file model-v3.tsv (TSV, C-alpha atoms (C1' of nucleotides))
chain	number	residue	atom	x	y	z
A	1171	MET	CA	68.49	79.21	108.08
A	1172	ASN	CA	71.49	77.90	110.01
A	1173	LYS	CA	72.95	76.87	106.71
A	1174	VAL	CA	72.61	80.41	105.33
A	1175	ILE	CA	74.26	81.96	108.38
A	1176	SER	CA	77.03	79.42	108.25
A	1177	LEU	CA	77.61	80.17	104.57
A	1178	ARG	CA	77.78	83.90	105.23
A	1179	ARG	CA	80.21	83.38	108.07
A	1180	ARG	CA	82.38	81.15	105.96
A	1181	ARG	CA	82.40	83.40	102.93
A	1182	ILE	CA	85.36	85.49	104.10
A	1183	PRO	CA	87.65	82.50	104.75
A	1184	LEU	CA	86.43	80.87	101.53
A	1185	MET	CA	87.30	83.97	99.58
A	1186	TYR	CA	90.82	83.74	100.90
A	1187	LYS	CA	91.12	80.10	99.89
A	1188	ARG	CA	90.04	80.86	96.36
A	1189	LEU	CA	92.33	83.82	95.99
A	1190	PHE	CA	95.34	82.01	97.35
A	1191	ALA	CA	94.68	78.96	95.20
A	1192	PHE	CA	94.36	81.19	92.15
A	1193	TYR	CA	97.27	83.58	92.69
A	1194	GLY	CA	99.60	82.04	95.27
A	1195	PRO	CA	101.66	84.12	97.70
A	1196	GLN	CA	102.03	87.84	96.86
A	1197	LYS	CA	105.18	88.55	98.90
A	1198	TRP	CA	104.03	91.83	100.37
A	1199	TRP	CA	105.03	94.46	101.33
A	1200	PRO	CA	107.35	95.05	98.35
A	1201	ALA	CA	110.07	96.74	100.44
A	1202	LYS	CA	113.26	95.78	102.21
A	1203	THR	CA	113.11	97.77	105.45
A	1204	ARG	CA	110.54	98.96	107.95
A	1205	LEU	CA	111.20	102.54	106.97
A	1206	GLU	CA	110.70	101.74	103.31
A	1207	VAL	CA	107.30	100.25	104.13
A	1208	ILE	CA	106.33	103.36	106.05
A	1209	VAL	CA	107.48	105.72	103.31
A	1210	GLY	CA	105.67	103.66	100.68
A	1211	ALA	CA	102.49	103.59	102.77
A	1212	ILE	CA	102.37	107.38	102.88
A	1213	LEU	CA	103.42	107.88	99.27
A	1214	THR	CA	100.82	105.48	97.87
A	1215	GLN	CA	97.86	107.39	99.31
A	1216	ASN	CA	95.35	107.63	96.47
A	1217	THR	CA	98.19	106.98	94.05
A	1218	ASN	CA	99.24	104.28	91.61
A	1219	TRP	CA	102.00	102.07	93.06
A	1220	GLY	CA	104.14	102.41	89.94
A	1221	ASN	CA	104.51	106.12	90.59
A	1222	VAL	CA	105.54	105.37	94.16
A	1223	GLU	CA	108.24	102.93	93.08
A	1224	ARG	CA	110.00	105.63	91.09
A	1225	ALA	CA	109.99	107.95	94.06
A	1226	ILE	CA	111.41	105.19	96.29
A	1227	VAL	CA	114.15	104.42	93.79
A	1228	SER	CA	115.01	108.11	93.65
A	1229	LEU	CA	115.19	108.28	97.43
A	1230	GLN	CA	117.40	105.18	97.53
A	1231	ARG	CA	119.70	106.56	94.86
A	1232	GLU	CA	120.17	109.76	96.86
A	1233	ASN	CA	120.64	107.74	100.06
A	1234	LEU	CA	117.71	109.46	101.69
A	1235	LEU	CA	115.96	106.38	103.08
A	1236	SER	CA	117.03	106.80	106.66
A	1237	LEU	CA	115.27	108.51	109.55
A	1238	GLU	CA	118.26	110.80	110.12
A	1239	ARG	CA	118.48	111.95	106.51
A	1240	LEU	CA	114.74	112.44	106.24
A	1241	ARG	CA	114.76	114.50	109.40
A	1242	LYS	CA	117.46	116.84	108.16
A	1243	ILE	CA	116.25	117.40	104.61
A	1244	SER	CA	113.74	120.22	104.04
A	1245	SER	CA	110.18	119.53	102.92
A	1246	SER	CA	110.70	121.42	99.68
A	1247	VAL	CA	113.81	119.43	98.75
A	1248	LEU	CA	112.13	116.19	99.75
A	1249	ALA	CA	109.16	117.14	97.59
A	1250	ARG	CA	111.38	117.23	94.51
A	1251	HIS	CA	112.44	113.63	95.09
A	1252	ILE	CA	108.90	112.34	95.36
A	1253	ARG	CA	107.42	114.35	92.51
A	1254	SER	CA	106.41	111.25	90.55
A	1255	CYS	CA	103.82	110.09	93.06
A	1256	GLY	CA	101.74	113.26	93.05
A	1257	TYR	CA	100.56	115.42	95.96
A	1258	TYR	CA	104.27	115.84	96.55
A	1259	ASN	CA	104.08	118.94	98.75
A	1260	ILE	CA	101.55	117.39	101.08
A	1261	LYS	CA	103.29	114.03	101.13
A	1262	ALA	CA	106.68	115.59	101.85
A	1263	ARG	CA	105.12	117.27	104.86
A	1264	ARG	CA	103.48	114.00	105.93
A	1265	LEU	CA	106.74	112.08	105.71
A	1266	LYS	CA	108.41	114.75	107.80
A	1267	ASN	CA	105.58	114.63	110.32
A	1268	PHE	CA	106.03	110.90	110.77
A	1269	VAL	CA	109.81	111.09	111.03
A	1270	ASP	CA	109.62	113.93	113.57
A	1271	PHE	CA	107.12	111.86	115.50
A	1272	VAL	CA	109.48	108.88	115.66
A	1273	PHE	CA	112.27	111.09	117.00
A	1274	CYS	CA	110.11	112.98	119.50
A	1275	GLN	CA	108.13	110.03	120.84
A	1276	TYR	CA	110.41	107.02	120.31
A	1277	ASP	CA	113.91	108.46	120.34
A	1278	GLY	CA	114.23	107.80	116.61
A	1279	SER	CA	113.84	104.05	117.09
A	1280	LEU	CA	111.37	102.03	115.01
A	1281	GLU	CA	112.31	99.04	117.18
A	1282	ARG	CA	111.10	100.86	120.24
A	1283	MET	CA	107.87	101.64	118.42
A	1284	ARG	CA	107.40	98.03	117.47
A	1285	ARG	CA	107.53	96.90	121.08
A	1286	GLN	CA	104.41	98.91	121.97
A	1287	PRO	CA	101.12	97.04	122.32
A	1288	LEU	CA	98.95	97.14	119.19
A	1289	VAL	CA	96.02	99.23	120.35
A	1290	ARG	CA	98.10	101.94	121.95
A	1291	LEU	CA	100.51	102.09	119.03
A	1292	ARG	CA	97.62	102.39	116.57
A	1293	GLU	CA	96.13	105.34	118.43
A	1294	HIS	CA	99.51	106.94	118.67
A	1295	ILE	CA	100.32	106.59	114.96
A	1296	LEU	CA	96.86	107.89	114.03
A	1297	SER	CA	97.62	111.12	115.87
A	1298	VAL	CA	100.23	112.01	113.24
A	1299	ASN	CA	98.82	114.51	110.75
A	1300	GLY	CA	98.65	112.81	107.38
A	1301	VAL	CA	98.26	109.27	108.71
A	1302	GLY	CA	94.71	107.95	108.53
A	1303	PRO	CA	93.29	104.46	109.21
A	1304	GLU	CA	94.60	102.70	106.11
A	1305	THR	CA	98.09	104.17	106.31
A	1306	ALA	CA	98.30	103.43	110.02
A	1307	ASP	CA	97.15	99.84	109.57
A	1308	SER	CA	99.51	99.27	106.64
A	1309	ILE	CA	102.38	100.41	108.83
A	1310	LEU	CA	101.23	98.25	111.75
A	1311	LEU	CA	100.75	95.13	109.66
A	1312	TYR	CA	103.51	95.37	107.07
A	1313	ALA	CA	106.24	97.26	108.94
A	1314	PHE	CA	105.61	95.96	112.47
A	1315	ARG	CA	103.87	92.64	111.77
A	1316	LYS	CA	100.98	93.41	114.09
A	1317	PRO	CA	97.71	91.45	113.65
A	1318	ILE	CA	95.53	94.20	112.13
A	1319	PHE	CA	93.57	93.95	108.87
A	1320	VAL	CA	94.09	96.68	106.25
A	1321	VAL	CA	91.02	97.99	104.43
A	1322	ASP	CA	91.45	99.92	101.21
A	1323	ALA	CA	89.38	101.07	98.23
A	1324	TYR	CA	89.64	97.62	96.60
A	1325	THR	CA	88.51	95.86	99.75
A	1326	GLN	CA	85.45	98.06	100.00
A	1327	ARG	CA	84.61	97.65	96.32
A	1328	ILE	CA	84.91	93.87	96.49
A	1329	LEU	CA	82.76	93.65	99.63
A	1330	ARG	CA	80.13	95.81	97.98
A	1331	ARG	CA	80.09	94.00	94.66
A	1332	HIS	CA	79.67	90.70	96.50
A	1333	GLY	CA	76.77	92.03	98.54
A	1334	ILE	CA	78.60	91.62	101.84
A	1335	ILE	CA	77.99	95.30	102.51
A	1336	ASN	CA	75.60	97.62	100.66
A	1337	GLY	CA	76.40	101.34	100.76
A	1338	PRO	CA	79.67	103.05	101.69
A	1339	GLN	CA	80.76	101.67	105.04
A	1340	ASP	CA	82.67	102.65	108.11
A	1341	TYR	CA	86.36	101.66	107.95
A	1342	HIS	CA	86.23	99.93	111.32
A	1343	GLN	CA	83.15	97.91	110.41
A	1344	MET	CA	84.74	96.57	107.23
A	1345	GLN	CA	87.88	95.77	109.19
A	1346	GLN	CA	85.79	93.85	111.73
A	1347	ILE	CA	84.14	91.81	108.99
A	1348	PHE	CA	87.55	90.27	108.32
A	1349	MET	CA	88.95	90.23	111.83
A	1350	ARG	CA	85.89	88.57	113.38
A	1351	ARG	CA	86.02	85.72	110.88
A	1352	LEU	CA	89.73	84.97	110.74
A	1353	PRO	CA	92.39	83.84	113.21
A	1354	ARG	CA	94.53	86.79	114.34
A	1355	GLU	CA	97.62	85.94	112.37
A	1356	PRO	CA	99.65	88.76	110.83
A	1357	GLN	CA	100.82	86.51	108.01
A	1358	LEU	CA	97.23	85.67	107.07
A	1359	PHE	CA	96.13	89.32	107.18
A	1360	ASN	CA	99.18	90.25	105.15
A	1361	GLU	CA	98.50	87.71	102.41
A	1362	TYR	CA	94.76	88.30	102.35
A	1363	HIS	CA	94.97	92.05	101.89
A	1364	ALA	CA	97.64	91.69	99.21
A	1365	LEU	CA	95.43	89.19	97.39
A	1366	LEU	CA	92.44	91.54	97.55
A	1367	VAL	CA	94.51	94.28	95.95
A	1368	ARG	CA	95.68	91.86	93.28
A	1369	VAL	CA	92.23	90.61	92.37
A	1370	GLY	CA	90.96	94.18	92.60
A	1371	LYS	CA	93.51	95.35	90.06
A	1372	ASP	CA	92.75	92.46	87.72
A	1373	TYR	CA	88.96	92.26	87.96
A	1374	CYS	CA	87.42	94.84	90.27
A	1375	ARG	CA	88.36	98.29	89.01
A	1376	THR	CA	85.78	101.06	88.91
A	1377	GLN	CA	84.77	99.59	85.55
A	1378	PRO	CA	84.31	95.95	86.60
A	1379	ARG	CA	85.62	93.20	84.31
A	1380	CYS	CA	84.42	90.14	86.09
A	1381	GLY	CA	85.05	87.69	83.23
A	1382	GLN	CA	87.47	85.15	84.69
A	1383	CYS	CA	87.47	86.51	88.23
A	1384	PRO	CA	88.40	83.77	90.74
A	1385	LEU	CA	85.73	85.12	93.10
A	1386	LYS	CA	82.90	84.58	90.64
A	1387	GLY	CA	79.96	82.89	92.32
A	1388	LEU	CA	80.87	83.69	95.92
B	936	DC	C1'	90.55	113.67	75.39
B	937	DA	C1'	88.65	111.68	80.08
B	938	DC	C1'	89.37	108.85	83.85
B	939	DC	C1'	91.75	106.57	87.46
B	940	DA	C1'	95.21	105.07	91.17
B	941	DG	C1'	96.89	100.51	97.63
B	942	DG	C1'	93.81	108.58	101.29
B	943	DC	C1'	93.64	112.29	104.26
B	944	DA	C1'	92.64	116.73	106.27
B	945	DA	C1'	90.35	121.01	106.23
B	946	DG	C1'	86.49	123.64	105.17
B	947	DT	C1'	81.42	124.32	104.99
B	948	DA	C1'	76.44	124.02	106.38
C	860	DT	C1'	77.45	115.02	111.98
C	861	DA	C1'	77.63	114.69	106.88
C	862	DC	C1'	79.10	116.26	102.61
C	863	DT	C1'	82.58	118.77	99.60
C	864	DT	C1'	87.09	120.16	98.03
C	865	DG	C1'	92.25	120.41	97.43
C	866	DC	C1'	96.14	117.93	96.65
C	867	DA	C1'	99.04	116.25	91.37
C	868	DT	C1'	101.69	112.89	88.75
C	869	DG	C1'	101.76	109.29	85.18
C	870	DG	C1'	99.37	105.28	82.83
C	871	DT	C1'	95.43	103.56	79.96
call {"tool": "encode", "arguments": {"input": "model-v3.tsv", "output": "structure tokens"}}
result
Amino acid sequence: MNKVISLRRRRIPLMYKRLFAFYGPQKWWPAKTRLEVIVGAILTQNTNWGNVERAIVSLQRENLLSLERLRKISSSVLARHIRSCGYYNIKARRLKNFVDFVFCQYDGSLERMRRQPLVRLREHILSVNGVGPETADSILLYAFRKPIFVVDAYTQRILRRHGIINGPQDYHQMQQIFMRRLPREPQLFNEYHALLVRVGKDYCRTQPRCGQCPLKGL
DNA sequence: CACCAGGCAAGTA
DNA sequence: TACTTGCATGGT
């Protein structure tokens, strides 16, 4: 009995060991600046990352990746630059919402945002229309290096296929499964989530192809 | 052709 | 509270 409990408790850290041994470091988030992380986090909502990359490149080419430029540009013009990632009207509005928020609440300073304590900053970011739990946590972890675990569709699918959860689950509960079992280190949360996405893409799509999956048997 | 991708908000009962 | 629907492009 104790052995079973111990195994279940250790499964999350063991999963990380296997993934890291198999894939090595993922070097996330694939972006150069805090703002680029934030923009990518909003643009990738329910969208293939490849489509997001094109939009980011387009924004870079037009020199639009600054808070000031994004504030001045209209939603409709912005929408044209992010067409490739889909939902472009909604996402243009969401980007504007976040940028306006940074100016209104933090004087246009991401540095000032970063200095806020985690829990308060999370609540504050979540109040922006268009930013839900995953987007908020991606921003907190990858742009601000705060110790918060990001849960996404792959994470949920992997937990379910491994019998760690059964039905659809509450975001916060899945997040706690990881955070209760791991030391609160941003670098660890960063690498772990990136690895889950990687193994998800390779082996845990909606049509599972578990053949050589490094998590087989866990 | 159908199906999916690193979600979220708004509407309905 | 618990479903359902709209949003939309590009790859497989």
call {"tool": "atom_distance", "arguments": {"input": "model-v3.tsv", "atom1": "atom CA of Gln1345 of chain A", "atom2": "atom CA of Ala1323 of chain A"}}
result
12.3 Å
call {"tool": "residues_around", "arguments": {"input": "model-v3.tsv", "residues": "Gln1215 of chain A", "least_positions_apart": "4", "cutoff": "12 Å", "atoms": "only C-alpha atoms (C1' of nucleotides)", "output": "number ranges by chain"}}
result
A: 1208-1211, 1219, 1221-1222, 1255-1258, 1260-1261, 1264-1265, 1300-1306, 1308, 1322-1323; B: 940-943; C: 866-867
call {"tool": "residues_around", "arguments": {"input": "model-v3.tsv", "residues": "DC938 of chain B", "least_positions_apart": "4", "cutoff": "12 Å", "atoms": "only C-alpha atoms (C1' of nucleotides)", "output": "VMD selection string"}}
result
(chain A and resid 1375 to 1377) or (chain C and resid 870 to 871)
call {"tool": "residues_around", "arguments": {"input": "model-v3.tsv", "residues": "Tyr1186 of chain A", "least_positions_apart": "5", "cutoff": "12 Å", "atoms": "only C-alpha atoms (C1' of nucleotides)", "output": "number ranges by chain"}}
result
A: 1180-1181, 1191-1195, 1348, 1351-1352, 1358-1366, 1369, 1384-1385, 1388
call {"tool": "atom_distance", "arguments": {"input": "model-v3.tsv", "atom1": "atom CA of Leu1189 of chain A", "atom2": "atom CA of Cys1383 of chain A"}}
result
9.5 Å
call {"tool": "residues_around", "arguments": {"input": "model-v3.tsv", "residues": "DT947 of chain B", "least_positions_apart": "4", "cutoff": "12 Å", "atoms": "only C-alpha atoms (C1' of nucleotides)", "output": "list of chain:residue names"}}
result
C:DA861, C:DC862, C:DT863, C:DT864
call {"tool": "closest_atom_pairs", "arguments": {"input": "model-v3.tsv", "of": "segment 1237-1355 of chain A", "to": "segment 1198-1204 of chain A", "cutoff": "8 Å", "atoms": "all atoms listed in the file", "output": "Markdown table"}}
result
| residue | atom | partner | partner_atom | distance |
| --- | --- | --- | --- | --- |
| A:Leu1280 | CA | A:Arg1204 | CA | 7.7 |
| A:Tyr1312 | CA | A:Trp1199 | CA | 6.0 |
| A:Ala1313 | CA | A:Arg1204 | CA | 4.7 |
| A:Phe1314 | CA | A:Arg1204 | CA | 7.3 |
call {"tool": "atom_distance", "arguments": {"input": "model-v3.tsv", "atom1": "atom CA of Thr1217 of chain A", "atom2": "atom CA of Cys1274 of chain A"}}
result
28.7 Å
call {"tool": "residues_around", "arguments": {"input": "model-v3.tsv", "residues": "segment 1270-1273 of chain A", "least_positions_apart": "5", "cutoff": "9 Å", "atoms": "only C-alpha atoms (C1' of nucleotides)", "output": "ChimeraX atom specification"}}
result
/A:1237,1241,1265,1278-1280,1283,1295,1298
call {"tool": "write_last_selection", "arguments": {"input": "model-v3.tsv", "atoms": "C-alpha atoms", "output": "PDB file, keeping the file's coordinate frame"}}
result
ATOM      1  CA  LEU A1237     115.270 108.510 109.550  1.00  0.00           C
ATOM      2  CA  ARG A1241     114.760 114.500 109.400  1.00  0.00           C
ATOM      3  CA  LEU A1265     106.740 112.080 105.710  1.00  0.00           C
ATOM      4  CA  GLY A1278     114.230 107.800 116.610  1.00  0.00           C
ATOM      5  CA  SER A1279     113.840 104.050 117.090  1.00  0.00           C
ATOM      6  CA  LEU A1280     111.370 102.030 115.010  1.00  0.00           C
ATOM      7  CA  MET A1283     107.870 101.640 118.420  1.00  0.00           C
ATOM      8  CA  ILE A1295     100.320 106.590 114.960  1.00  0.00           C
ATOM      9  CA  VAL A1298     100.230 112.010 113.240  1.00  0.00           C
TER      10      VAL A1298
END
call {"tool": "build_atoms", "arguments": {"input": "model-v3.tsv", "residues": "segment 1264-1299 of chain A", "atoms": "N, CA and C atoms", "output": "mmCIF file, in the frame of the given file"}}
result
data_model
loop_
_atom_site.group_PDB
_atom_site.id
_atom_site.type_symbol
_atom_site.label_atom_id
_atom_site.label_comp_id
_atom_site.auth_asym_id
_atom_site.auth_seq_id
_atom_site.Cartn_x
_atom_site.Cartn_y
_atom_site.Cartn_z
ATOM 1 N N ARG A 1264 103.940 115.161 105.157
ATOM 2 C CA ARG A 1264 103.480 114.000 105.930
ATOM 3 C C ARG A 1264 104.634 113.082 106.314
ATOM 4 N N LEU A 1265 105.550 112.891 105.386
ATOM 5 C CA LEU A 1265 106.740 112.080 105.710
ATOM 6 C C LEU A 1265 107.509 112.733 106.851
ATOM 7 N N LYS A 1266 107.704 114.035 106.749
ATOM 8 C CA LYS A 1266 108.410 114.750 107.800
ATOM 9 C C LYS A 1266 107.671 114.638 109.131
ATOM 10 N N ASN A 1267 106.372 114.764 109.092
ATOM 11 C CA ASN A 1267 105.580 114.630 110.320
ATOM 12 C C ASN A 1267 105.840 113.293 110.990
ATOM 13 N N PHE A 1268 105.840 112.229 110.183
ATOM 14 C CA PHE A 1268 106.030 110.900 110.770
ATOM 15 C C PHE A 1268 107.439 110.749 111.335
ATOM 16 N N VAL A 1269 108.417 111.205 110.574
ATOM 17 C CA VAL A 1269 109.810 111.090 111.030
ATOM 18 C C VAL A 1269 110.022 111.889 112.314
ATOM 19 N N ASP A 1270 109.519 113.112 112.346
ATOM 20 C CA ASP A 1270 109.620 113.930 113.570
ATOM 21 C C ASP A 1270 108.975 113.204 114.747
ATOM 22 N N PHE A 1271 107.852 112.612 114.475
ATOM 23 C CA PHE A 1271 107.120 111.860 115.500
ATOM 24 C C PHE A 1271 107.977 110.718 116.071
ATOM 25 N N VAL A 1272 108.644 109.988 115.192
ATOM 26 C CA VAL A 1272 109.480 108.880 115.660
ATOM 27 C C VAL A 1272 110.619 109.405 116.547
ATOM 28 N N PHE A 1273 111.178 110.540 116.181
ATOM 29 C CA PHE A 1273 112.270 111.090 117.000
ATOM 30 C C PHE A 1273 111.746 111.637 118.316
ATOM 31 N N CYS A 1274 110.630 112.360 118.269
ATOM 32 C CA CYS A 1274 110.110 112.980 119.500
ATOM 33 C C CYS A 1274 109.558 111.955 120.476
ATOM 34 N N GLN A 1275 108.841 110.962 119.955
ATOM 35 C CA GLN A 1275 108.130 110.030 120.840
ATOM 36 C C GLN A 1275 108.883 108.724 121.084
ATOM 37 N N TYR A 1276 109.765 108.328 120.183
ATOM 38 C CA TYR A 1276 110.410 107.020 120.310
ATOM 39 C C TYR A 1276 111.920 107.114 120.143
ATOM 40 N N ASP A 1277 112.456 108.306 120.355
ATOM 41 C CA ASP A 1277 113.910 108.460 120.340
ATOM 42 C C ASP A 1277 114.514 108.019 119.001
ATOM 43 N N GLY A 1278 113.737 108.169 117.931
ATOM 44 C CA GLY A 1278 114.230 107.800 116.610
ATOM 45 C C GLY A 1278 114.374 106.314 116.392
ATOM 46 N N SER A 1279 113.693 105.503 117.191
ATOM 47 C CA SER A 1279 113.840 104.050 117.090
ATOM 48 C C SER A 1279 112.546 103.357 116.673
ATOM 49 N N LEU A 1280 112.531 102.800 115.458
ATOM 50 C CA LEU A 1280 111.370 102.030 115.010
ATOM 51 C C LEU A 1280 111.234 100.752 115.830
ATOM 52 N N GLU A 1281 112.349 100.237 116.326
ATOM 53 C CA GLU A 1281 112.310 99.040 117.180
ATOM 54 C C GLU A 1281 111.556 99.320 118.465
ATOM 55 N N ARG A 1282 111.815 100.475 119.026
ATOM 56 C CA ARG A 1282 111.100 100.860 120.240
ATOM 57 C C ARG A 1282 109.610 100.993 119.963
ATOM 58 N N MET A 1283 109.278 101.538 118.797
ATOM 59 C CA MET A 1283 107.870 101.640 118.420
ATOM 60 C C MET A 1283 107.237 100.262 118.355
ATOM 61 N N ARG A 1284 107.943 99.359 117.705
ATOM 62 C CA ARG A 1284 107.400 98.030 117.470
ATOM 63 C C ARG A 1284 107.059 97.298 118.760
ATOM 64 N N ARG A 1285 107.766 97.602 119.815
ATOM 65 C CA ARG A 1285 107.530 96.900 121.080
ATOM 66 C C ARG A 1285 106.273 97.353 121.801
ATOM 67 N N GLN A 1286 105.651 98.445 121.336
ATOM 68 C CA GLN A 1286 104.410 98.910 121.970
ATOM 69 C C GLN A 1286 103.270 97.954 121.657
ATOM 70 N N PRO A 1287 102.307 97.862 122.589
ATOM 71 C CA PRO A 1287 101.120 97.040 122.320
ATOM 72 C C PRO A 1287 100.298 97.642 121.176
ATOM 73 N N LEU A 1288 99.643 96.767 120.427
ATOM 74 C CA LEU A 1288 98.950 97.140 119.190
ATOM 75 C C LEU A 1288 97.997 98.318 119.336
ATOM 76 N N VAL A 1289 97.070 98.224 120.275
ATOM 77 C CA VAL A 1289 96.020 99.230 120.350
ATOM 78 C C VAL A 1289 96.583 100.612 120.664
ATOM 79 N N ARG A 1290 97.507 100.662 121.589
ATOM 80 C CA ARG A 1290 98.100 101.940 121.950
ATOM 81 C C ARG A 1290 98.926 102.510 120.790
ATOM 82 N N LEU A 1291 99.688 101.638 120.148
ATOM 83 C CA LEU A 1291 100.510 102.090 119.030
ATOM 84 C C LEU A 1291 99.641 102.616 117.892
ATOM 85 N N ARG A 1292 98.522 101.942 117.641
ATOM 86 C CA ARG A 1292 97.620 102.390 116.570
ATOM 87 C C ARG A 1292 97.094 103.795 116.853
ATOM 88 N N GLU A 1293 96.612 104.010 118.063
ATOM 89 C CA GLU A 1293 96.130 105.340 118.430
ATOM 90 C C GLU A 1293 97.222 106.385 118.271
ATOM 91 N N HIS A 1294 98.400 106.003 118.694
ATOM 92 C CA HIS A 1294 99.510 106.940 118.670
ATOM 93 C C HIS A 1294 99.875 107.326 117.234
ATOM 94 N N ILE A 1295 99.983 106.329 116.357
ATOM 95 C CA ILE A 1295 100.320 106.590 114.960
ATOM 96 C C ILE A 1295 99.236 107.422 114.279
ATOM 97 N N LEU A 1296 97.973 107.154 114.630
ATOM 98 C CA LEU A 1296 96.860 107.890 114.030
ATOM 99 C C LEU A 1296 96.870 109.358 114.410
ATOM 100 N N SER A 1297 97.578 109.709 115.457
ATOM 101 C CA SER A 1297 97.620 111.120 115.870
ATOM 102 C C SER A 1297 98.550 111.937 114.990
ATOM 103 N N VAL A 1298 99.348 111.271 114.154
ATOM 104 C CA VAL A 1298 100.230 112.010 113.240
ATOM 105 C C VAL A 1298 99.403 112.598 112.107
ATOM 106 N N ASN A 1299 99.563 113.883 111.843
ATOM 107 C CA ASN A 1299 98.820 114.510 110.750
ATOM 108 C C ASN A 1299 99.283 113.960 109.409
#
